[in-house]
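Data first, discussion second: the structure below is written as structure tokens.
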Number of protein chains: 2
Amino acid sequence: MITLTEENYIKAIYHLSSNGEKTVNTNAIASAMQTKASSVTDMIKKLSEKNYADYKKYQGVTLTDDGKRVAVNIIRKHRLWEVFLVEKLNFSWDEVHEVAEHLEHIKSDKLIDELDAFLEFPTYDPHGDPIPDKEGNFKHIEKIVLAKAEVGSAYKCVGVDDTSSKFLKYLDSNHIALGTIITVKHKEPFDNSIKIALENSEIVVSQSVAKNLYLKKI
Amino acid sequence: MITLTEENYIKAIYHLSSNGEKTVNTNAIASAMQTKASSVTDMIKKLSEKNYADYKKYQGVTLTDDGKRVAVNIIRKHRLWEVFLVEKLNFSWDEVHEVAEHLEHIKSDKLIDELDAFLEFPTYDPHGDPIPDKEGNFKHIEKIVLAKAEVGSAYKCVGVDDTSSKFLKYLDSNHIALGTIITVKHKEPFDNSIKIALENSEIVVSQSVAKNLYLKKI
DNA sequence: AAATATTTTTAGACTAATCTAAAAATATAT
DNA sequence: ATATATTTTTAGATTAGTCTAAAAATATTT
């Protein structure tokens, strides 16, 4: 049996290794899990014993295929619940994360398969992240970050990196949502801010916003 | 903060005291919680410290108003999730209990209020049990147990006491569901079995079935 | 009312997950 | 390449919930 805490560590390791495929180090996990390095060491030993992770002392950790399977399944559940919350229960995209963090740990294959069907097999969650299917495969969308978009081109907003309530509320108040069409007008070299055109407005966004917004060329 | 285990103990105490309003004894809780009496003693001390229960050594335990509030809220969540599972996710009434046991512990007022609205404020769960409203009030239905129904009268099936999968499947296979009209034909004094008439059939049910089926006179 | 049985509590130990503080290993700087 | 800094691990303690076995309290029999 896998515990809730083990699941959360596995998920954290998965996310930390998904941007860059090498081993994940103890401190990174500690900061992601809001805990201390010593606790992480204990846990990765346990994950290693249970064959969810490969671990050699002082050398960081990687997930085994089993571990990855667990991680992807939790991500599937998390994202399906997020869709449910937004589409059926009137949650906004900045409110779903915390509740989904809990719902994702409910263990019932029937529950998640039926939920998937009830939602008509969605492929993206409310933040534009792909939802793995039952077998763990997910769509790979070719997206770039606004910071690297080219001046003069038009893009569609397809996702966010930062899913914090603060950032999502900022986007809401500037009328940026998934699907919004964005044209890059000007990049300011001084502070890396970017002027973009939306449907009815032009706004300037800071570098930190530009780094967290995913676009697809149209 | 209230833990999952505390919530489960509170729920168990509530259910044990709801049939008969006096104090609940340690062994009863131990058997309901599938644990040992010594563990129960530890926990009721803790619940007492946290003001969810009143407890005097060797004298059993009762819930405080706070404790009752917690219990009713969990029951509300449990039953709303059951309705969701049956009405939206194609679960049958014998499959919902286990999953609802987990879902009931998700803590989010918005989640449960929106779920309630999404389900159009149901007042009964799939087993005929009333669903408390936000304030904790629930409908009291005047129901009797089949074992005490009178020969010759007609009744509507309004609930079950035993919600085990075994019993519910037995009812399914005999075409008894919530709303089914039942006429009592004969009571057999020898073994307390009862012959009842359904829409298209007559069947004999044992005493243990008769004790677990709730009816309302029509 | 004394003897016996049952129930409940206590005492002490265990596991999972965590922590602090110190030690060990690795990485970086001079 | 040696010293210093950083990262990681170990050692030992803590908390929540559980257990077993023994002790204490209550209930039941005779």
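Please note that chains go A, B, ... in the order of the structure tokens, that every chain numbers its residues from 1, and that ligands are numbered from 1 in the order shown.
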
Among region 1-208 of chain B, which residues does DSSP mark as helix (DSSP H, G or I) when it is run on the backbone? Keep the chain and numbering as in the structure and answer as an mmCIF file with N, CA, C and O atoms, in the first residue's frame.
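Output file out-v1.cif follows:
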data_model
loop_
_atom_site.group_PDB
_atom_site.id
_atom_site.type_symbol
_atom_site.label_atom_id
_atom_site.label_comp_id
_atom_site.auth_asym_id
_atom_site.auth_seq_id
_atom_site.Cartn_x
_atom_site.Cartn_y
_atom_site.Cartn_z
ATOM 1 N N LEU B 4 -8.210 13.213 10.173
ATOM 2 C CA LEU B 4 -9.092 12.242 9.531
ATOM 3 C C LEU B 4 -9.572 11.197 10.532
ATOM 4 O O LEU B 4 -10.745 10.830 10.558
ATOM 5 N N THR B 5 -8.638 10.714 11.353
ATOM 6 C CA THR B 5 -8.987 9.680 12.325
ATOM 7 C C THR B 5 -9.979 10.211 13.351
ATOM 8 O O THR B 5 -10.947 9.525 13.706
ATOM 9 N N GLU B 6 -9.737 11.417 13.817
ATOM 10 C CA GLU B 6 -10.680 12.028 14.758
ATOM 11 C C GLU B 6 -12.069 12.119 14.140
ATOM 12 O O GLU B 6 -13.070 11.790 14.783
ATOM 13 N N GLU B 7 -12.117 12.552 12.889
ATOM 14 C CA GLU B 7 -13.411 12.646 12.205
ATOM 15 C C GLU B 7 -14.116 11.290 12.158
ATOM 16 O O GLU B 7 -15.322 11.210 12.391
ATOM 17 N N ASN B 8 -13.353 10.249 11.894
ATOM 18 C CA ASN B 8 -13.971 8.931 11.808
ATOM 19 C C ASN B 8 -14.486 8.446 13.165
ATOM 20 O O ASN B 8 -15.544 7.820 13.238
ATOM 21 N N TYR B 9 -13.745 8.736 14.207
ATOM 22 C CA TYR B 9 -14.227 8.378 15.546
ATOM 23 C C TYR B 9 -15.503 9.151 15.879
ATOM 24 O O TYR B 9 -16.473 8.593 16.402
ATOM 25 N N ILE B 10 -15.498 10.433 15.590
ATOM 26 C CA ILE B 10 -16.674 11.262 15.882
ATOM 27 C C ILE B 10 -17.892 10.736 15.138
ATOM 28 O O ILE B 10 -18.982 10.602 15.700
ATOM 29 N N LYS B 11 -17.683 10.387 13.885
ATOM 30 C CA LYS B 11 -18.773 9.838 13.086
ATOM 31 C C LYS B 11 -19.294 8.536 13.700
ATOM 32 O O LYS B 11 -20.504 8.316 13.804
ATOM 33 N N ALA B 12 -18.360 7.675 14.112
ATOM 34 C CA ALA B 12 -18.757 6.393 14.702
ATOM 35 C C ALA B 12 -19.551 6.616 15.988
ATOM 36 O O ALA B 12 -20.589 5.974 16.204
ATOM 37 N N ILE B 13 -19.079 7.519 16.823
ATOM 38 C CA ILE B 13 -19.791 7.799 18.074
ATOM 39 C C ILE B 13 -21.184 8.341 17.771
ATOM 40 O O ILE B 13 -22.171 7.939 18.386
ATOM 41 N N TYR B 14 -21.255 9.220 16.794
ATOM 42 C CA TYR B 14 -22.551 9.792 16.416
ATOM 43 C C TYR B 14 -23.527 8.692 15.995
ATOM 44 O O TYR B 14 -24.655 8.631 16.460
ATOM 45 N N HIS B 15 -23.078 7.827 15.115
ATOM 46 C CA HIS B 15 -23.962 6.763 14.638
ATOM 47 C C HIS B 15 -24.374 5.814 15.757
ATOM 48 O O HIS B 15 -25.506 5.365 15.815
ATOM 49 N N LEU B 16 -23.432 5.532 16.644
ATOM 50 C CA LEU B 16 -23.752 4.618 17.743
ATOM 51 C C LEU B 16 -24.733 5.240 18.724
ATOM 52 O O LEU B 16 -25.510 4.535 19.356
ATOM 53 N N SER B 17 -24.697 6.547 18.867
ATOM 54 C CA SER B 17 -25.598 7.166 19.840
ATOM 55 C C SER B 17 -26.913 7.616 19.201
ATOM 56 O O SER B 17 -27.852 7.928 19.903
ATOM 57 N N SER B 18 -26.994 7.604 17.862
ATOM 58 C CA SER B 18 -28.210 8.119 17.236
ATOM 59 C C SER B 18 -29.376 7.140 17.391
ATOM 60 O O SER B 18 -30.523 7.537 17.406
ATOM 61 N N THR B 26 -16.913 2.139 25.231
ATOM 62 C CA THR B 26 -15.629 1.932 24.558
ATOM 63 C C THR B 26 -15.620 0.746 23.590
ATOM 64 O O THR B 26 -15.187 0.880 22.442
ATOM 65 N N ASN B 27 -16.102 -0.389 24.067
ATOM 66 C CA ASN B 27 -16.072 -1.575 23.205
ATOM 67 C C ASN B 27 -16.912 -1.408 21.938
ATOM 68 O O ASN B 27 -16.534 -1.916 20.882
ATOM 69 N N ALA B 28 -18.039 -0.723 22.065
ATOM 70 C CA ALA B 28 -18.880 -0.509 20.888
ATOM 71 C C ALA B 28 -18.119 0.290 19.837
ATOM 72 O O ALA B 28 -18.157 -0.030 18.645
ATOM 73 N N ILE B 29 -17.420 1.313 20.297
ATOM 74 C CA ILE B 29 -16.631 2.124 19.366
ATOM 75 C C ILE B 29 -15.510 1.282 18.762
ATOM 76 O O ILE B 29 -15.264 1.326 17.555
ATOM 77 N N ALA B 30 -14.858 0.498 19.623
ATOM 78 C CA ALA B 30 -13.753 -0.342 19.143
ATOM 79 C C ALA B 30 -14.236 -1.260 18.026
ATOM 80 O O ALA B 30 -13.564 -1.404 17.002
ATOM 81 N N SER B 31 -15.408 -1.847 18.200
ATOM 82 C CA SER B 31 -15.847 -2.778 17.166
ATOM 83 C C SER B 31 -16.293 -2.016 15.913
ATOM 84 O O SER B 31 -16.039 -2.454 14.794
ATOM 85 N N ALA B 32 -16.909 -0.859 16.095
ATOM 86 C CA ALA B 32 -17.297 -0.060 14.924
ATOM 87 C C ALA B 32 -16.073 0.416 14.151
ATOM 88 O O ALA B 32 -16.093 0.496 12.924
ATOM 89 N N ALA B 37 -9.925 -1.633 22.220
ATOM 90 C CA ALA B 37 -10.490 -0.750 23.242
ATOM 91 C C ALA B 37 -9.455 0.246 23.759
ATOM 92 O O ALA B 37 -9.777 1.407 24.020
ATOM 93 N N SER B 38 -8.223 -0.182 23.876
ATOM 94 C CA SER B 38 -7.190 0.719 24.398
ATOM 95 C C SER B 38 -6.957 1.903 23.460
ATOM 96 O O SER B 38 -6.727 3.022 23.915
ATOM 97 N N SER B 39 -7.034 1.635 22.183
ATOM 98 C CA SER B 39 -6.885 2.730 21.219
ATOM 99 C C SER B 39 -8.048 3.706 21.346
ATOM 100 O O SER B 39 -7.881 4.928 21.238
ATOM 101 N N VAL B 40 -9.225 3.147 21.582
ATOM 102 C CA VAL B 40 -10.411 3.990 21.723
ATOM 103 C C VAL B 40 -10.264 4.904 22.940
ATOM 104 O O VAL B 40 -10.543 6.103 22.874
ATOM 105 N N THR B 41 -9.820 4.340 24.036
ATOM 106 C CA THR B 41 -9.627 5.163 25.241
ATOM 107 C C THR B 41 -8.708 6.342 24.942
ATOM 108 O O THR B 41 -9.005 7.482 25.301
ATOM 109 N N ASP B 42 -7.589 6.051 24.284
ATOM 110 C CA ASP B 42 -6.667 7.139 23.919
ATOM 111 C C ASP B 42 -7.388 8.212 23.101
ATOM 112 O O ASP B 42 -7.240 9.403 23.349
ATOM 113 N N MET B 43 -8.142 7.763 22.112
ATOM 114 C CA MET B 43 -8.761 8.727 21.214
ATOM 115 C C MET B 43 -9.859 9.530 21.900
ATOM 116 O O MET B 43 -9.965 10.738 21.687
ATOM 117 N N ILE B 44 -10.679 8.883 22.737
ATOM 118 C CA ILE B 44 -11.756 9.668 23.351
ATOM 119 C C ILE B 44 -11.193 10.662 24.367
ATOM 120 O O ILE B 44 -11.754 11.737 24.561
ATOM 121 N N LYS B 45 -10.043 10.362 24.927
ATOM 122 C CA LYS B 45 -9.370 11.369 25.762
ATOM 123 C C LYS B 45 -9.026 12.592 24.915
ATOM 124 O O LYS B 45 -9.201 13.732 25.341
ATOM 125 N N LYS B 46 -8.507 12.307 23.721
ATOM 126 C CA LYS B 46 -8.112 13.398 22.840
ATOM 127 C C LYS B 46 -9.335 14.204 22.380
ATOM 128 O O LYS B 46 -9.308 15.442 22.369
ATOM 129 N N LEU B 47 -10.389 13.488 22.016
ATOM 130 C CA LEU B 47 -11.605 14.181 21.577
ATOM 131 C C LEU B 47 -12.163 15.028 22.712
ATOM 132 O O LEU B 47 -12.702 16.118 22.495
ATOM 133 N N SER B 48 -12.024 14.511 23.916
ATOM 134 C CA SER B 48 -12.505 15.233 25.089
ATOM 135 C C SER B 48 -11.675 16.501 25.313
ATOM 136 O O SER B 48 -12.223 17.579 25.558
ATOM 137 N N GLU B 49 -10.358 16.380 25.203
ATOM 138 C CA GLU B 49 -9.481 17.556 25.321
ATOM 139 C C GLU B 49 -9.811 18.619 24.280
ATOM 140 O O GLU B 49 -9.742 19.812 24.553
ATOM 141 N N ASP B 65 -21.853 19.559 21.496
ATOM 142 C CA ASP B 65 -22.505 20.190 20.349
ATOM 143 C C ASP B 65 -21.513 20.355 19.193
ATOM 144 O O ASP B 65 -21.852 20.130 18.035
ATOM 145 N N ASP B 66 -20.296 20.728 19.544
ATOM 146 C CA ASP B 66 -19.237 20.810 18.535
ATOM 147 C C ASP B 66 -19.022 19.476 17.827
ATOM 148 O O ASP B 66 -18.910 19.417 16.601
ATOM 149 N N GLY B 67 -18.952 18.439 18.614
ATOM 150 C CA GLY B 67 -18.756 17.100 18.056
ATOM 151 C C GLY B 67 -19.903 16.714 17.142
ATOM 152 O O GLY B 67 -19.682 16.164 16.048
ATOM 153 N N LYS B 68 -21.123 17.012 17.577
ATOM 154 C CA LYS B 68 -22.286 16.685 16.743
ATOM 155 C C LYS B 68 -22.250 17.461 15.426
ATOM 156 O O LYS B 68 -22.592 16.933 14.381
ATOM 157 N N ARG B 69 -21.841 18.710 15.529
ATOM 158 C CA ARG B 69 -21.757 19.546 14.331
ATOM 159 C C ARG B 69 -20.783 18.922 13.327
ATOM 160 O O ARG B 69 -21.071 18.817 12.138
ATOM 161 N N VAL B 70 -19.635 18.491 13.836
ATOM 162 C CA VAL B 70 -18.653 17.825 12.973
ATOM 163 C C VAL B 70 -19.260 16.573 12.343
ATOM 164 O O VAL B 70 -19.164 16.364 11.131
ATOM 165 N N ALA B 71 -19.916 15.764 13.161
ATOM 166 C CA ALA B 71 -20.486 14.504 12.677
ATOM 167 C C ALA B 71 -21.522 14.754 11.578
ATOM 168 O O ALA B 71 -21.484 14.124 10.520
ATOM 169 N N VAL B 72 -22.410 15.690 11.833
ATOM 170 C CA VAL B 72 -23.485 15.952 10.864
ATOM 171 C C VAL B 72 -22.901 16.484 9.554
ATOM 172 O O VAL B 72 -23.359 16.136 8.471
ATOM 173 N N ASN B 73 -21.855 17.282 9.672
ATOM 174 C CA ASN B 73 -21.228 17.811 8.466
ATOM 175 C C ASN B 73 -20.588 16.700 7.632
ATOM 176 O O ASN B 73 -20.665 16.703 6.398
ATOM 177 N N ILE B 74 -19.969 15.744 8.302
ATOM 178 C CA ILE B 74 -19.380 14.622 7.561
ATOM 179 C C ILE B 74 -20.482 13.793 6.909
ATOM 180 O O ILE B 74 -20.356 13.356 5.767
ATOM 181 N N ILE B 75 -21.555 13.589 7.644
ATOM 182 C CA ILE B 75 -22.673 12.817 7.096
ATOM 183 C C ILE B 75 -23.253 13.537 5.880
ATOM 184 O O ILE B 75 -23.565 12.912 4.860
ATOM 185 N N ARG B 76 -23.374 14.852 5.992
ATOM 186 C CA ARG B 76 -23.847 15.638 4.836
ATOM 187 C C ARG B 76 -22.955 15.399 3.618
ATOM 188 O O ARG B 76 -23.433 15.114 2.519
ATOM 189 N N LYS B 77 -21.663 15.492 3.828
ATOM 190 C CA LYS B 77 -20.734 15.317 2.711
ATOM 191 C C LYS B 77 -20.816 13.902 2.147
ATOM 192 O O LYS B 77 -20.885 13.700 0.928
ATOM 193 N N HIS B 78 -20.813 12.937 3.059
ATOM 194 C CA HIS B 78 -20.891 11.543 2.640
ATOM 195 C C HIS B 78 -22.120 11.304 1.749
ATOM 196 O O HIS B 78 -22.007 10.724 0.671
ATOM 197 N N ARG B 79 -23.254 11.774 2.166
ATOM 198 C CA ARG B 79 -24.494 11.482 1.441
ATOM 199 C C ARG B 79 -24.595 12.264 0.134
ATOM 200 O O ARG B 79 -25.118 11.752 -0.860
ATOM 201 N N LEU B 80 -24.085 13.493 0.137
ATOM 202 C CA LEU B 80 -24.077 14.245 -1.125
ATOM 203 C C LEU B 80 -23.186 13.542 -2.149
ATOM 204 O O LEU B 80 -23.549 13.401 -3.326
ATOM 205 N N TRP B 81 -22.005 13.101 -1.712
ATOM 206 C CA TRP B 81 -21.128 12.383 -2.643
ATOM 207 C C TRP B 81 -21.799 11.107 -3.150
ATOM 208 O O TRP B 81 -21.659 10.737 -4.316
ATOM 209 N N GLU B 82 -22.537 10.423 -2.271
ATOM 210 C CA GLU B 82 -23.236 9.219 -2.717
ATOM 211 C C GLU B 82 -24.235 9.541 -3.827
ATOM 212 O O GLU B 82 -24.331 8.807 -4.813
ATOM 213 N N VAL B 83 -24.962 10.626 -3.653
ATOM 214 C CA VAL B 83 -25.910 11.028 -4.692
ATOM 215 C C VAL B 83 -25.161 11.309 -5.999
ATOM 216 O O VAL B 83 -25.555 10.856 -7.077
ATOM 217 N N PHE B 84 -24.062 12.033 -5.868
ATOM 218 C CA PHE B 84 -23.254 12.342 -7.060
ATOM 219 C C PHE B 84 -22.819 11.068 -7.771
ATOM 220 O O PHE B 84 -22.957 10.936 -8.995
ATOM 221 N N LEU B 85 -22.294 10.122 -7.012
ATOM 222 C CA LEU B 85 -21.777 8.884 -7.605
ATOM 223 C C LEU B 85 -22.874 8.115 -8.326
ATOM 224 O O LEU B 85 -22.663 7.586 -9.419
ATOM 225 N N VAL B 86 -24.052 8.063 -7.732
ATOM 226 C CA VAL B 86 -25.143 7.294 -8.334
ATOM 227 C C VAL B 86 -25.747 8.049 -9.520
ATOM 228 O O VAL B 86 -25.955 7.486 -10.592
ATOM 229 N N GLU B 87 -25.993 9.342 -9.323
ATOM 230 C CA GLU B 87 -26.735 10.067 -10.367
ATOM 231 C C GLU B 87 -25.862 10.509 -11.537
ATOM 232 O O GLU B 87 -26.337 10.606 -12.659
ATOM 233 N N VAL B 96 -21.334 2.689 -3.631
ATOM 234 C CA VAL B 96 -20.961 4.053 -3.291
ATOM 235 C C VAL B 96 -20.298 4.230 -1.936
ATOM 236 O O VAL B 96 -19.505 5.151 -1.732
ATOM 237 N N HIS B 97 -20.610 3.328 -1.028
ATOM 238 C CA HIS B 97 -20.224 3.599 0.360
ATOM 239 C C HIS B 97 -18.721 3.792 0.553
ATOM 240 O O HIS B 97 -18.270 4.773 1.139
ATOM 241 N N GLU B 98 -17.945 2.868 0.036
ATOM 242 C CA GLU B 98 -16.498 2.897 0.262
ATOM 243 C C GLU B 98 -15.850 4.169 -0.279
ATOM 244 O O GLU B 98 -15.042 4.800 0.402
ATOM 245 N N VAL B 99 -16.205 4.531 -1.494
ATOM 246 C CA VAL B 99 -15.622 5.748 -2.074
ATOM 247 C C VAL B 99 -16.061 6.984 -1.288
ATOM 248 O O VAL B 99 -15.266 7.874 -0.999
ATOM 249 N N ALA B 100 -17.346 7.005 -0.915
ATOM 250 C CA ALA B 100 -17.858 8.154 -0.158
ATOM 251 C C ALA B 100 -17.162 8.288 1.192
ATOM 252 O O ALA B 100 -16.995 9.393 1.712
ATOM 253 N N GLU B 101 -16.724 7.169 1.751
ATOM 254 C CA GLU B 101 -15.968 7.198 3.018
ATOM 255 C C GLU B 101 -14.707 8.044 2.888
ATOM 256 O O GLU B 101 -14.235 8.618 3.867
ATOM 257 N N HIS B 102 -14.140 8.061 1.709
ATOM 258 C CA HIS B 102 -12.939 8.878 1.498
ATOM 259 C C HIS B 102 -13.314 10.314 1.122
ATOM 260 O O HIS B 102 -12.775 11.266 1.659
ATOM 261 N N LEU B 103 -14.242 10.445 0.187
ATOM 262 C CA LEU B 103 -14.625 11.780 -0.286
ATOM 263 C C LEU B 103 -15.163 12.653 0.845
ATOM 264 O O LEU B 103 -14.974 13.878 0.836
ATOM 265 N N ASP B 109 -15.616 24.183 1.930
ATOM 266 C CA ASP B 109 -17.022 24.576 1.985
ATOM 267 C C ASP B 109 -17.569 24.855 0.595
ATOM 268 O O ASP B 109 -18.672 24.452 0.255
ATOM 269 N N LYS B 110 -16.754 25.527 -0.212
ATOM 270 C CA LYS B 110 -17.217 25.842 -1.564
ATOM 271 C C LYS B 110 -17.527 24.560 -2.330
ATOM 272 O O LYS B 110 -18.553 24.453 -3.002
ATOM 273 N N LEU B 111 -16.614 23.584 -2.209
ATOM 274 C CA LEU B 111 -16.821 22.310 -2.901
ATOM 275 C C LEU B 111 -18.173 21.710 -2.560
ATOM 276 O O LEU B 111 -18.953 21.340 -3.445
ATOM 277 N N ILE B 112 -18.468 21.643 -1.276
ATOM 278 C CA ILE B 112 -19.676 20.914 -0.890
ATOM 279 C C ILE B 112 -20.937 21.728 -1.189
ATOM 280 O O ILE B 112 -21.959 21.165 -1.606
ATOM 281 N N ASP B 113 -20.848 23.035 -1.057
ATOM 282 C CA ASP B 113 -22.008 23.869 -1.386
ATOM 283 C C ASP B 113 -22.311 23.830 -2.879
ATOM 284 O O ASP B 113 -23.474 23.748 -3.291
ATOM 285 N N GLU B 114 -21.268 23.874 -3.674
ATOM 286 C CA GLU B 114 -21.472 23.826 -5.126
ATOM 287 C C GLU B 114 -21.959 22.445 -5.564
ATOM 288 O O GLU B 114 -22.780 22.321 -6.469
ATOM 289 N N LEU B 115 -21.427 21.418 -4.915
ATOM 290 C CA LEU B 115 -21.878 20.060 -5.238
ATOM 291 C C LEU B 115 -23.370 19.929 -4.926
ATOM 292 O O LEU B 115 -24.149 19.398 -5.720
ATOM 293 N N ASP B 116 -23.754 20.446 -3.767
ATOM 294 C CA ASP B 116 -25.150 20.435 -3.338
ATOM 295 C C ASP B 116 -26.026 21.095 -4.412
ATOM 296 O O ASP B 116 -27.052 20.537 -4.832
ATOM 297 N N ALA B 117 -25.586 22.267 -4.867
ATOM 298 C CA ALA B 117 -26.360 22.997 -5.885
ATOM 299 C C ALA B 117 -26.385 22.225 -7.200
ATOM 300 O O ALA B 117 -27.430 22.107 -7.855
ATOM 301 N N PHE B 118 -25.214 21.683 -7.582
ATOM 302 C CA PHE B 118 -25.107 20.926 -8.834
ATOM 303 C C PHE B 118 -26.087 19.751 -8.838
ATOM 304 O O PHE B 118 -26.667 19.406 -9.874
ATOM 305 N N LEU B 146 -39.829 -3.160 8.241
ATOM 306 C CA LEU B 146 -40.745 -4.175 7.685
ATOM 307 C C LEU B 146 -41.195 -5.186 8.742
ATOM 308 O O LEU B 146 -42.359 -5.599 8.771
ATOM 309 N N ALA B 147 -40.286 -5.540 9.636
ATOM 310 C CA ALA B 147 -40.601 -6.528 10.670
ATOM 311 C C ALA B 147 -41.814 -6.103 11.515
ATOM 312 O O ALA B 147 -42.493 -6.946 12.095
ATOM 313 N N LYS B 148 -42.077 -4.798 11.567
ATOM 314 C CA LYS B 148 -43.184 -4.323 12.404
ATOM 315 C C LYS B 148 -44.384 -3.830 11.592
ATOM 316 O O LYS B 148 -45.303 -3.215 12.134
ATOM 317 N N SER B 165 -22.924 -3.971 0.765
ATOM 318 C CA SER B 165 -23.069 -4.377 -0.617
ATOM 319 C C SER B 165 -23.882 -5.672 -0.736
ATOM 320 O O SER B 165 -24.749 -5.802 -1.602
ATOM 321 N N LYS B 166 -23.642 -6.606 0.161
ATOM 322 C CA LYS B 166 -24.356 -7.887 0.140
ATOM 323 C C LYS B 166 -25.864 -7.714 0.225
ATOM 324 O O LYS B 166 -26.621 -8.283 -0.547
ATOM 325 N N PHE B 167 -26.272 -6.929 1.197
ATOM 326 C CA PHE B 167 -27.712 -6.732 1.401
ATOM 327 C C PHE B 167 -28.339 -5.990 0.216
ATOM 328 O O PHE B 167 -29.398 -6.360 -0.284
ATOM 329 N N LEU B 168 -27.648 -4.952 -0.247
ATOM 330 C CA LEU B 168 -28.201 -4.153 -1.344
ATOM 331 C C LEU B 168 -28.303 -4.975 -2.625
ATOM 332 O O LEU B 168 -29.256 -4.837 -3.398
ATOM 333 N N LYS B 169 -27.328 -5.846 -2.835
ATOM 334 C CA LYS B 169 -27.402 -6.716 -4.014
ATOM 335 C C LYS B 169 -28.553 -7.705 -3.901
ATOM 336 O O LYS B 169 -29.207 -8.030 -4.896
ATOM 337 N N TYR B 170 -28.790 -8.167 -2.669
ATOM 338 C CA TYR B 170 -29.934 -9.055 -2.432
ATOM 339 C C TYR B 170 -31.227 -8.341 -2.825
ATOM 340 O O TYR B 170 -32.078 -8.889 -3.519
ATOM 341 N N LEU B 171 -31.353 -7.073 -2.389
ATOM 342 C CA LEU B 171 -32.562 -6.314 -2.729
ATOM 343 C C LEU B 171 -32.685 -6.128 -4.236
ATOM 344 O O LEU B 171 -33.760 -6.329 -4.816
ATOM 345 N N ASP B 172 -31.577 -5.787 -4.880
ATOM 346 C CA ASP B 172 -31.587 -5.632 -6.338
ATOM 347 C C ASP B 172 -32.123 -6.890 -7.008
ATOM 348 O O ASP B 172 -32.991 -6.823 -7.870
ATOM 349 N N SER B 173 -31.590 -8.037 -6.584
ATOM 350 C CA SER B 173 -31.952 -9.282 -7.270
ATOM 351 C C SER B 173 -33.411 -9.653 -6.999
ATOM 352 O O SER B 173 -34.003 -10.434 -7.717
ATOM 353 N N GLN B 207 -36.276 -12.855 8.595
ATOM 354 C CA GLN B 207 -36.340 -11.847 9.645
ATOM 355 C C GLN B 207 -35.223 -10.811 9.514
ATOM 356 O O GLN B 207 -35.439 -9.622 9.721
ATOM 357 N N SER B 208 -34.027 -11.286 9.126
ATOM 358 C CA SER B 208 -32.917 -10.327 9.077
ATOM 359 C C SER B 208 -33.106 -9.317 7.947
ATOM 360 O O SER B 208 -32.712 -8.162 8.072
#

Mind listing as a compact mmCIF listing (two decimals) with N, CA and C atoms (P, O5', C5', C4', C3', O3' and C1' of nucleotides), in the first residue's frame which residues of chain D are within 12 Å of chain A, counting only C-alpha atoms (C1' of nucleotides)?
# COMPACT_ATOMS: atom_id res chain seq x y z
P DT D 6 27.88 28.78 1.52
O5' DT D 6 27.29 27.40 0.97
C5' DT D 6 27.61 27.00 -0.36
C4' DT D 6 27.20 25.55 -0.54
C3' DT D 6 25.79 25.24 -0.06
O3' DT D 6 25.08 24.76 -1.19
C1' DT D 6 27.32 23.59 0.68
P DT D 7 23.53 24.36 -1.13
O5' DT D 7 23.61 22.76 -1.05
C5' DT D 7 24.41 22.06 -1.98
C4' DT D 7 24.45 20.61 -1.56
C3' DT D 7 23.08 20.02 -1.21
O3' DT D 7 22.92 18.88 -2.02
C1' DT D 7 24.68 19.51 0.48
P DT D 8 21.62 17.96 -2.01
O5' DT D 8 22.02 16.86 -0.95
C5' DT D 8 23.12 15.99 -1.24
C4' DT D 8 23.36 15.09 -0.05
C3' DT D 8 22.11 14.34 0.42
O3' DT D 8 22.36 12.96 0.21
C1' DT D 8 23.36 15.24 2.24
P DT D 9 21.34 11.83 0.63
O5' DT D 9 21.88 11.42 2.05
C5' DT D 9 23.22 10.93 2.15
C4' DT D 9 23.60 10.74 3.61
C3' DT D 9 22.67 9.81 4.38
O3' DT D 9 23.45 8.73 4.87
C1' DT D 9 23.12 11.80 5.61
P DT D 10 22.80 7.54 5.68
O5' DT D 10 23.05 8.01 7.19
C5' DT D 10 24.36 7.97 7.71
C4' DT D 10 24.35 8.50 9.12
C3' DT D 10 23.55 7.67 10.12
O3' DT D 10 24.39 7.40 11.22
C1' DT D 10 22.98 9.95 10.31
P DA D 11 24.07 6.19 12.18
O5' DA D 11 23.81 6.92 13.56
C5' DA D 11 24.49 8.15 13.86
C4' DA D 11 23.79 8.84 15.02
C3' DA D 11 22.88 7.94 15.85
O3' DA D 11 23.10 8.22 17.22
C1' DA D 11 21.66 9.80 15.09

Go through chain C residue by residue and, counting only C-alpha atoms (C1' of nucleotides), keep those with an atom at most 9 Å from chain B; for each kept residue give the shortest atom pair and its distance in Å to one decimal, ordered by chain and increasing number, as a tab-separated table.
residue	atom	partner	partner_atom	distance
C:DT7	C1'	B:Asn27	CA	7.7
C:DT8	C1'	B:Tyr58	CA	5.8
C:DT9	C1'	B:Thr41	CA	7.2
C:DT10	C1'	B:Ser38	CA	8.9

Exercise. Grab the CA of Ile176 (chain A) to CA of Ser164 (chain A) distance for me, in Å with one decimal place.
Key: 15.0 Å

Self-check item: Sel. of strand (DSSP E) residues, region 2-217 of chain A, as a PyMOL selection string
Solution: chain A and resi 53-55+61-63+144-145+154-160+181-188+193-197+202-205+213-217

Self-check item: Residue among C:DT30, C:DA13, C:DT4, C:DT18 lying closest to DT2 (chain D), counting only C-alpha atoms (C1' of nucleotides)
Solution: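 For DT2 (chain D), the nearest of the candidates is C:DT30.
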
Practice problem: Rank A:Asp191, A:Asp133, A:Asp162, A:Glu120 by their smallest atom-to-atom distance to chain B, using only C-alpha atoms, and report the top residue only. | Solution: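 Checking each of A:Asp191, A:Asp133, A:Asp162, A:Glu120 against chain B, counting only C-alpha atoms, the winner is A:Glu120.
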